[in-house]
$ cat target.txt   # compact mmCIF, C-alpha atoms and all ligand atoms
# COMPACT_ATOMS: atom_id res chain seq x y z
CA MET B 572 -31.34 147.96 80.64
CA ALA B 573 -29.07 146.52 77.99
CA SER B 574 -28.43 142.81 78.45
CA PRO B 575 -24.89 142.00 79.61
CA VAL B 576 -22.46 140.91 76.93
CA ALA B 577 -22.24 137.12 76.75
CA VAL B 578 -18.83 135.58 77.41
CA THR B 579 -18.08 132.60 75.18
CA LEU B 580 -15.85 129.69 76.19
CA SER B 581 -13.12 130.94 73.83
CA GLN B 582 -13.27 134.48 75.23
CA HIS B 583 -13.15 133.14 78.77
CA LEU B 584 -10.11 131.02 77.97
CA LEU B 585 -8.34 133.96 76.31
CA ALA B 586 -8.89 135.98 79.48
CA GLU B 587 -7.58 133.06 81.59
CA GLU B 588 -4.45 132.96 79.43
CA GLN B 589 -3.82 136.60 80.36
CA LYS B 590 -4.79 136.33 84.03
CA HIS B 591 -3.33 132.96 84.99
CA ALA B 592 -0.90 132.11 82.20
CA VAL B 593 -3.07 129.18 81.05
CA SER B 594 -1.19 127.92 78.00
CA PRO B 595 -2.72 128.66 74.58
CA GLU B 596 -2.27 124.96 73.69
CA LEU B 597 -4.39 123.96 76.67
CA SER B 598 -7.04 126.53 75.70
CA ARG B 599 -7.18 125.05 72.21
CA ILE B 600 -7.72 121.57 73.67
CA LEU B 601 -10.60 122.83 75.82
CA ILE B 602 -12.16 124.63 72.86
CA GLN B 603 -11.92 121.42 70.83
CA ILE B 604 -13.59 119.50 73.66
CA GLY B 605 -16.36 122.10 73.39
CA TYR B 606 -16.61 121.33 69.68
CA ALA B 607 -16.82 117.58 70.34
CA ALA B 608 -19.51 118.26 72.96
CA LYS B 609 -21.62 120.09 70.37
CA VAL B 610 -21.31 117.15 67.96
CA LEU B 611 -22.33 114.74 70.73
CA ALA B 612 -25.21 116.93 71.93
CA ARG B 613 -26.60 116.99 68.39
CA GLU B 614 -26.34 113.21 67.98
CA PHE B 615 -27.72 112.39 71.46
CA THR B 616 -30.74 114.58 70.74
CA ARG B 617 -31.62 112.80 67.51
CA ALA B 618 -30.37 109.29 68.36
CA ALA B 619 -33.86 107.75 68.38
CA LEU B 620 -34.50 109.13 64.90
CA VAL B 621 -31.31 107.86 63.29
CA GLY B 622 -31.18 104.32 64.68
CA LYS B 623 -28.56 104.98 67.36
CA LEU B 624 -30.32 103.62 70.46
CA GLY B 625 -29.61 100.19 71.88
CA LEU B 626 -26.63 97.90 72.32
CA ILE B 627 -23.85 97.22 69.88
CA GLY B 628 -23.14 93.75 71.27
CA ASP B 629 -19.52 94.02 72.49
CA LYS B 630 -18.09 94.59 75.95
CA ASN B 631 -15.55 97.30 76.77
CA ALA B 632 -12.34 96.96 78.82
CA THR B 633 -14.15 97.13 82.17
CA GLY B 634 -16.81 94.62 81.15
CA ASP B 635 -19.71 96.96 80.33
CA TYR B 636 -21.87 96.16 77.30
CA GLN B 637 -21.35 98.99 74.84
CA LYS B 638 -24.27 101.02 73.56
CA LYS B 639 -24.24 102.29 69.98
CA LEU B 640 -23.88 105.77 71.42
CA ASP B 641 -20.82 104.73 73.48
CA VAL B 642 -19.07 103.77 70.26
CA TYR B 643 -20.34 106.82 68.40
CA ALA B 644 -19.15 109.14 71.20
CA ASN B 645 -15.74 107.50 71.33
CA ASP B 646 -15.29 107.73 67.54
CA ALA B 647 -16.43 111.38 67.54
CA VAL B 648 -13.93 112.33 70.23
CA ILE B 649 -11.10 110.55 68.43
CA GLU B 650 -12.05 112.28 65.18
CA ALA B 651 -12.11 115.67 66.90
CA PHE B 652 -8.50 115.16 68.02
CA SER B 653 -6.96 113.06 65.26
CA ASP B 654 -5.64 115.62 62.78
CA ASN B 655 -4.91 118.80 64.71
CA GLY B 656 -1.89 117.83 66.78
CA LEU B 657 -3.52 118.97 70.03
CA VAL B 658 -2.87 115.83 72.09
CA ALA B 659 -0.22 113.15 71.83
CA GLY B 660 -2.42 110.38 73.09
CA MET B 661 -5.70 109.38 74.57
CA VAL B 662 -7.01 106.98 77.19
CA SER B 663 -10.71 106.23 76.74
CA GLU B 664 -13.18 104.02 78.54
CA GLU B 665 -14.08 102.55 75.17
CA LEU B 666 -10.53 101.73 74.02
CA GLU B 667 -8.85 98.69 75.48
CA LYS B 668 -5.41 100.25 75.09
CA GLU B 669 -4.16 103.83 75.14
CA LYS B 670 -4.18 105.46 71.70
CA GLU B 671 -1.21 107.29 70.29
CA ILE B 672 -2.15 110.22 68.05
CA ALA B 673 0.44 110.62 65.30
CA SER B 674 -0.37 114.25 64.48
CA GLY B 675 0.21 115.16 68.15
CA SER B 676 3.63 113.56 68.57
CA SER B 677 5.13 116.91 69.60
CA SER B 678 2.20 117.93 71.82
CA ASP B 679 2.83 118.17 75.57
CA TYR B 680 -0.64 116.90 76.44
CA LEU B 681 -2.52 113.66 76.95
CA MET B 682 -6.25 113.26 77.38
CA CYS B 683 -8.22 110.76 79.47
CA ILE B 684 -11.90 110.58 78.60
CA ASP B 685 -15.17 108.86 79.38
CA PRO B 686 -16.88 109.81 76.09
CA LEU B 687 -20.37 108.88 77.29
CA ASP B 688 -21.13 108.69 80.98
CA GLY B 689 -24.49 107.23 81.97
CA SER B 690 -24.85 104.64 79.19
CA SER B 691 -27.87 103.08 80.90
CA ASN B 692 -29.72 106.35 80.30
CA THR B 693 -29.40 106.47 76.51
CA ASP B 694 -32.56 104.53 75.72
CA ILE B 695 -34.75 106.25 78.34
CA ASN B 696 -33.89 109.83 77.36
CA GLY B 697 -32.08 110.41 80.65
CA ALA B 698 -29.19 112.74 81.39
CA LEU B 699 -25.82 111.81 79.84
CA GLY B 700 -22.31 113.10 80.31
CA THR B 701 -18.74 113.27 79.05
CA ILE B 702 -15.83 113.43 81.52
CA PHE B 703 -12.27 114.50 80.63
CA GLY B 704 -8.91 115.07 82.27
CA ILE B 705 -5.86 116.64 80.60
CA ARG B 706 -2.35 115.76 81.67
CA ARG B 707 1.06 117.04 80.69
CA ARG B 708 3.40 114.38 79.39
CA ALA B 709 5.63 113.34 82.27
CA LYS B 710 8.61 112.49 80.13
CA ARG B 711 9.09 112.09 76.43
CA GLY B 712 10.12 108.77 75.05
CA GLY B 713 8.00 106.56 77.26
CA THR B 714 4.85 104.89 76.06
CA ILE B 715 1.61 106.84 76.44
CA ALA B 716 0.57 104.41 79.20
CA GLU B 717 3.79 105.03 81.15
CA GLU B 718 3.45 108.78 80.76
CA VAL B 719 -0.19 108.93 81.75
CA LEU B 720 -0.06 106.79 84.91
CA ARG B 721 0.49 109.74 87.24
CA PRO B 722 -1.54 110.96 90.23
CA GLY B 723 -4.58 113.09 89.41
CA SER B 724 -2.99 116.03 91.22
CA GLU B 725 -0.83 116.38 88.09
CA GLN B 726 -3.81 117.02 85.83
CA VAL B 727 -3.59 120.48 84.28
CA ALA B 728 -7.28 120.69 83.38
CA ALA B 729 -10.41 118.62 83.77
CA GLY B 730 -14.12 118.86 83.37
CA TYR B 731 -17.36 117.38 82.23
CA VAL B 732 -20.22 117.98 79.86
CA MET B 733 -23.77 117.30 80.98
CA TYR B 734 -26.42 116.68 78.31
CA SER B 735 -29.83 117.34 79.81
CA ASN B 736 -32.41 120.16 79.65
CA SER B 737 -29.44 122.10 78.35
CA THR B 738 -25.89 121.12 77.45
CA LEU B 739 -23.52 122.38 80.10
CA LEU B 740 -19.72 122.28 79.99
CA VAL B 741 -17.86 122.68 83.29
CA TYR B 742 -14.07 122.94 83.27
CA THR B 743 -11.18 123.84 85.51
CA ALA B 744 -7.64 124.68 84.50
CA GLY B 745 -6.63 125.05 88.14
CA HIS B 746 -8.18 128.50 88.66
CA GLY B 747 -11.71 127.75 89.80
CA ALA B 748 -14.45 125.72 88.14
CA HIS B 749 -16.56 127.46 85.51
CA GLY B 750 -19.73 126.38 83.71
CA PHE B 751 -20.90 127.24 80.18
CA THR B 752 -24.35 126.59 78.74
CA LEU B 753 -24.68 125.80 75.03
CA ASP B 754 -26.68 128.40 73.14
CA ARG B 755 -27.77 126.26 70.19
CA GLU B 756 -28.75 129.23 68.05
CA LEU B 757 -25.36 130.85 68.44
CA GLY B 758 -23.57 127.49 68.45
CA GLU B 759 -21.48 128.75 71.37
CA PHE B 760 -20.91 127.75 74.98
CA ILE B 761 -21.78 130.86 77.03
CA LEU B 762 -20.50 131.47 80.56
CA SER B 763 -23.43 130.76 82.89
CA HIS B 764 -21.81 129.47 86.12
CA GLU B 765 -18.71 131.50 86.94
CA ASN B 766 -16.48 130.27 89.76
CA ILE B 767 -18.80 127.52 91.05
CA ARG B 768 -18.71 127.01 94.83
CA CYS B 769 -19.81 123.66 96.23
CA PRO B 770 -21.77 124.16 99.49
CA ALA B 771 -19.83 122.84 102.51
CA ARG B 772 -22.68 120.47 103.29
CA GLY B 773 -25.80 119.30 101.48
CA HIS B 774 -28.86 117.21 102.17
CA TYR B 775 -28.91 114.96 99.10
CA TYR B 776 -27.16 111.61 98.71
CA SER B 777 -26.60 109.55 95.56
CA GLY B 778 -25.72 105.88 95.64
CA ASN B 779 -27.12 102.66 94.20
CA LEU B 780 -29.16 101.56 97.24
CA GLY B 781 -29.92 98.31 95.41
CA LYS B 782 -26.42 97.28 96.55
CA PHE B 783 -27.15 98.01 100.23
CA TYR B 784 -26.59 94.44 101.41
CA GLU B 785 -23.44 94.14 99.28
CA TRP B 786 -21.81 97.18 100.89
CA PRO B 787 -19.45 97.14 103.88
CA ALA B 788 -21.25 97.29 107.24
CA GLU B 789 -19.77 100.76 107.90
CA ILE B 790 -21.46 102.14 104.78
CA ARG B 791 -24.76 100.57 105.77
CA LYS B 792 -24.44 102.36 109.13
CA TYR B 793 -23.73 105.60 107.28
CA ILE B 794 -26.97 105.15 105.27
CA GLU B 795 -28.86 104.52 108.51
CA TYR B 796 -27.40 107.78 109.83
CA LEU B 797 -28.39 109.75 106.70
CA THR B 798 -31.93 108.42 106.75
CA ASP B 799 -32.45 108.97 110.48
CA HIS B 800 -34.48 112.01 111.54
CA ASP B 801 -32.72 114.96 113.17
CA ALA B 802 -33.75 118.52 112.30
CA SER B 803 -30.49 120.08 113.56
CA THR B 804 -28.47 118.18 110.91
CA ARG B 805 -31.23 118.38 108.26
CA ARG B 806 -31.76 114.65 108.28
CA PRO B 807 -33.09 112.62 106.64
CA TYR B 808 -31.11 113.38 103.51
CA SER B 809 -33.07 112.93 100.27
CA LEU B 810 -32.00 110.27 97.77
CA ARG B 811 -31.22 111.26 94.18
CA TYR B 812 -29.67 108.67 91.85
CA SER B 813 -29.92 109.05 88.10
CA GLY B 814 -27.59 106.42 86.58
CA ALA B 815 -25.17 109.09 85.37
CA LEU B 816 -22.39 110.12 87.69
CA VAL B 817 -22.12 113.45 85.87
CA GLY B 818 -25.75 114.35 86.61
CA ASP B 819 -25.62 113.28 90.25
CA LEU B 820 -22.28 114.98 90.82
CA HIS B 821 -23.54 118.17 89.19
CA ARG B 822 -26.41 118.33 91.67
CA SER B 823 -23.98 117.96 94.57
CA LEU B 824 -21.68 120.58 93.12
CA ILE B 825 -24.43 123.17 92.76
CA GLU B 826 -26.73 122.38 95.70
CA GLY B 827 -24.46 120.40 98.02
CA GLY B 828 -24.55 116.69 98.77
CA ILE B 829 -22.64 113.49 98.20
CA TYR B 830 -22.24 110.76 95.56
CA PHE B 831 -20.63 107.44 96.49
CA TYR B 832 -19.85 104.14 94.79
CA PRO B 833 -18.33 101.79 97.41
CA PRO B 834 -16.96 98.31 96.69
CA ASP B 835 -19.66 95.65 96.28
CA THR B 836 -19.83 91.94 95.50
CA SER B 837 -19.50 92.37 91.74
CA HIS B 838 -16.96 95.23 92.05
CA PRO B 839 -14.72 94.27 95.01
CA THR B 840 -12.28 97.12 94.28
CA GLY B 841 -14.93 99.62 93.21
CA LYS B 842 -16.61 100.23 89.87
CA LEU B 843 -15.71 103.74 88.76
CA ARG B 844 -12.57 104.34 86.77
CA LEU B 845 -9.79 106.41 88.29
CA MET B 846 -8.26 107.89 85.14
CA TYR B 847 -11.28 109.18 83.26
CA GLU B 848 -14.08 109.39 85.83
CA CYS B 849 -12.79 109.87 89.38
CA ALA B 850 -9.64 111.97 88.93
CA PRO B 851 -11.13 114.55 86.54
CA LEU B 852 -14.26 115.05 88.65
CA ALA B 853 -12.11 115.23 91.79
CA MET B 854 -10.13 118.11 90.30
CA VAL B 855 -13.33 120.01 89.39
CA VAL B 856 -14.89 119.48 92.80
CA GLU B 857 -11.75 120.44 94.74
CA GLN B 858 -11.50 123.61 92.67
CA ALA B 859 -15.05 124.39 93.78
CA GLY B 860 -14.24 123.78 97.47
CA GLY B 861 -15.59 120.23 97.71
CA SER B 862 -13.67 116.99 98.08
CA ALA B 863 -13.25 113.54 96.57
CA SER B 864 -11.88 110.43 98.17
CA THR B 865 -11.68 106.66 97.97
CA GLY B 866 -13.26 106.74 101.44
CA GLU B 867 -9.76 106.45 102.87
CA ARG B 868 -7.59 108.83 100.90
CA ARG B 869 -7.75 111.78 98.55
CA ILE B 870 -8.47 110.68 94.98
CA LEU B 871 -5.97 113.12 93.49
CA ASP B 872 -3.13 111.49 95.48
CA VAL B 873 -3.77 108.00 94.11
CA ARG B 874 -1.10 106.85 91.68
CA PRO B 875 -2.81 104.75 89.00
CA GLU B 876 -1.51 101.27 88.29
CA SER B 877 -3.37 100.72 85.03
CA ILE B 878 -5.38 102.86 82.63
CA HIS B 879 -8.75 101.24 83.42
CA GLN B 880 -8.17 100.93 87.19
CA GLN B 881 -11.42 100.91 89.18
CA ILE B 882 -11.59 102.31 92.71
CA PRO B 883 -14.09 103.10 95.46
CA PHE B 884 -15.30 106.68 95.02
CA VAL B 885 -17.00 109.33 97.12
CA ILE B 886 -17.34 112.96 96.02
CA GLY B 887 -19.22 116.11 96.91
CA SER B 888 -19.56 118.61 99.76
CA ALA B 889 -16.45 118.61 101.95
CA ALA B 890 -18.29 118.02 105.25
CA ASP B 891 -20.37 115.20 103.77
CA VAL B 892 -17.31 113.44 102.33
CA ALA B 893 -15.50 113.83 105.69
CA LEU B 894 -18.48 112.26 107.46
CA TYR B 895 -18.49 109.32 105.03
CA GLU B 896 -14.77 108.80 105.73
CA HIS B 897 -15.42 108.85 109.48
CA PHE B 898 -18.08 106.16 109.15
CA LEU B 899 -15.91 104.05 106.87
CA SER B 900 -13.08 104.17 109.39
CA GLY B 901 -15.49 102.82 112.00
CA GLN B 902 -15.47 106.06 114.03
CA ARG B 903 -19.21 106.23 114.16
CA SER B 904 -19.38 108.23 117.40
CA VAL B 905 -17.04 110.93 116.09
CA ALA B 906 -19.04 111.11 112.86
CA ALA B 907 -22.39 111.33 114.52
CA LYS B 908 -21.26 114.39 116.49
CA SER B 909 -19.98 116.33 113.47
P1 LIG Q 1 -20.59 104.65 82.17
O1 LIG Q 1 -21.92 104.88 81.56
O2 LIG Q 1 -19.53 105.59 81.66
O3 LIG Q 1 -20.14 103.20 82.14
O4 LIG Q 1 -20.64 105.07 83.70
C1 LIG Q 1 -21.66 104.55 84.51
C2 LIG Q 1 -21.30 104.82 85.93
C3 LIG Q 1 -21.83 106.12 86.50
O5 LIG Q 1 -22.11 107.12 85.58
C4 LIG Q 1 -23.08 105.74 87.25
O6 LIG Q 1 -23.29 106.56 88.37
C5 LIG Q 1 -22.82 104.34 87.65
O7 LIG Q 1 -21.88 103.80 86.73
C6 LIG Q 1 -24.06 103.53 87.61
O8 LIG Q 1 -23.77 102.24 87.99
P2 LIG Q 1 -24.88 101.27 88.63
O9 LIG Q 1 -25.87 101.01 87.56
O10 LIG Q 1 -24.08 100.06 89.03
O11 LIG Q 1 -25.46 101.99 89.82
MN MN Q 2 -18.91 106.86 83.25
MN MN Q 3 -18.84 105.74 79.69
$ encode --input "target.txt" --output "structure tokens"
Amino acid sequence: MASPVAVTLSQHLLAEEQKHAVSPELSRILIQIGYAAKVLAREFTRAALVGKLGLIGDKNATGDYQKKLDVYANDAVIEAFSDNGLVAGMVSEELEKEKEIASGSSSDYLMCIDPLDGSSNTDINGALGTIFGIRRRAKRGGTIAEEVLRPGSEQVAAGYVMYSNSTLLVYTAGHGAHGFTLDRELGEFILSHENIRCPARGHYYSGNLGKFYEWPAEIRKYIEYLTDHDASTRRPYSLRYSGALVGDLHRSLIEGGIYFYPPDTSHPTGKLRLMYECAPLAMVVEQAGGSASTGERRILDVRPESIHQQIPFVIGSAADVALYEHFLSGQRSVAAKS
């Protein structure tokens, strides 16, 4: 039997333009993100050989020590978008302020990006990620920061790249979530996960259990519930926590489960960043039938107050996120029955 014809990211986007009126400008942005992902995949793979492991010595806007690869990834993304007029501006984890892109002054789009997710994994050859969200400019004439501080529900596309056994790009432009695996010989992202569906419930959980005694009592009760034994609800859940949100979220998306990062002593309002981590992943997961919340409200409804805003975050299978919300609200008896 002849092997089926491979669908590249560009071909898929062309078809989406026809089927769903995805704008050609948005397609070009997503293709360029694919290009940046190939550059990053190449550099991540050889980082140990070219002196790119380890710290650079500075802290970023949210207080994390930057790795050499954080800075490399940020520079590579900026370079990929600096001269082609595709986006008018960028918000990045590694830039203290929003960046205006002169060549894109007439573009309708803005990009929010975590160039390298999972920085603690760089030196141990662990999974890494890139997370991105694309927004339409709300009004011309304002500053990029004013234009970009809109609820995540206004994102027009979002996605992530996962650098692991293979390099996988998952995106949504509002018509399902689709995954593409990089074929290094062809140099192309090939459709490998069409219309991803997140199982309604899983049996994996991802959270930094080292923070257990720093978490709210309700979350500690939730962990007790997950680790209790009950065959009818497939408990205990198994723990998976990799240090890269992208990797842990990807597991939940494909196999079902939940990732959470509640407030703790060192992050009283949460650690993860709304604009370039939580909102983009929330759009992907909702498009796949899952959900994402602060624990109290839908992530995509949160109106950001600042570009590096940090919030509590829970994401994954819809029933698991709902259960987490029940526990957080103190309704333990309701939760335990569901
Ligand atoms: P980043 O590498 O972009 O700073 O993101 C790290 C995030 C997330 O990917 C991960 O799940 C979490 O922070 C890990 O934090 P802890 O080490 O505090 O668990
Ligand atoms: Mn991150
Ligand atoms: Mn990062």
$ residues_near_ligand --input "target.txt" --ligand "ligand MN 2 (chain Q)" --cutoff "7 Å" --atoms "all atoms listed in the file" --output "number ranges by chain"
B: 685, 687-689, 815-816, 848
$ closest_atom_pairs --input "target.txt" --of "chain B" --to "ligand MN 3 (chain Q)" --cutoff "9 Å" --atoms "only C-alpha atoms and all ligand atoms" --output "tab-separated table"
residue	atom	partner	partner_atom	distance
B:Asp635	CA	Q:MN3	MN	8.8
B:Gln637	CA	Q:MN3	MN	8.7
B:Asp641	CA	Q:MN3	MN	6.6
B:Ser663	CA	Q:MN3	MN	8.7
B:Glu664	CA	Q:MN3	MN	6.0
B:Glu665	CA	Q:MN3	MN	7.3
B:Ile684	CA	Q:MN3	MN	8.5
B:Asp685	CA	Q:MN3	MN	4.8
B:Pro686	CA	Q:MN3	MN	5.8
B:Leu687	CA	Q:MN3	MN	4.2
B:Asp688	CA	Q:MN3	MN	4.0
B:Gly689	CA	Q:MN3	MN	6.3
B:Ser690	CA	Q:MN3	MN	6.1
B:Gly700	CA	Q:MN3	MN	8.2
B:Thr701	CA	Q:MN3	MN	7.6
B:Ile702	CA	Q:MN3	MN	8.5
B:Glu848	CA	Q:MN3	MN	8.6
$ closest_residue --input "target.txt" --among "B:Gln582, B:Gln902, B:Ser837, B:Ser653" --to "ligand LIG 1 (chain Q)" --atoms "all atoms listed in the file"
B:Ser837
$ atom_distance --input "target.txt" --atom1 "CA of Ile672 (chain B)" --atom2 "CA of Tyr731 (chain B)"
22.0 Å
$ closest_residue --input "target.txt" --among "B:Ala744, B:Leu720, B:Leu757, B:Leu780" --to "Asp835 (chain B)" --atoms "only C-alpha atoms"
B:Leu780
$ residues_near_point --input "target.txt" --point "(-18.9, 119.9, 75.7)" --cutoff "8 Å" --atoms "all atoms listed in the file" --output "list in words"
Ile604, Gly605, Tyr606, Ala607, Ala608, Lys609, Leu611, Ala612, Thr701, Tyr731, Val732, Met733, Thr738, Leu739 and Leu740 of chain B
$ axis_aligned_box --input "target.txt" --around "ligand LIG 1 (chain Q)" --padding-each-side "8 Å" --output "JSON"
{"center_x": -22.7, "center_y": 103.6, "center_z": 85.7, "size_x": 22.3, "size_y": 23.1, "size_z": 24.3}
$ residues_near_point --input "target.txt" --point "(-3.3, 120.4, 85.6)" --cutoff "12 Å" --atoms "only C-alpha atoms" --output "ChimeraX atom specification"
/B:593-594,597,679-682,703-709,721-730,742-747,850-851,853-855,858,871
$ closest_residue --input "target.txt" --among "B:Thr865, B:Ala673, B:Gly697, B:Phe615" --to "Val817 (chain B)" --atoms "all atoms listed in the file"
B:Gly697
$ atom_distance --input "target.txt" --atom1 "CA of His800 (chain B)" --atom2 "CA of Trp786 (chain B)"
22.2 Å
$ atom_distance --input "target.txt" --atom1 "atom O11 of ligand LIG 1 (chain Q)" --atom2 "CA of Asn779 (chain B)"
4.7 Å
$ closest_residue --input "target.txt" --among "B:Arg791, B:Arg772, B:Lys782, B:Arg613" --to "Val892 (chain B)" --atoms "all atoms listed in the file"
B:Arg772
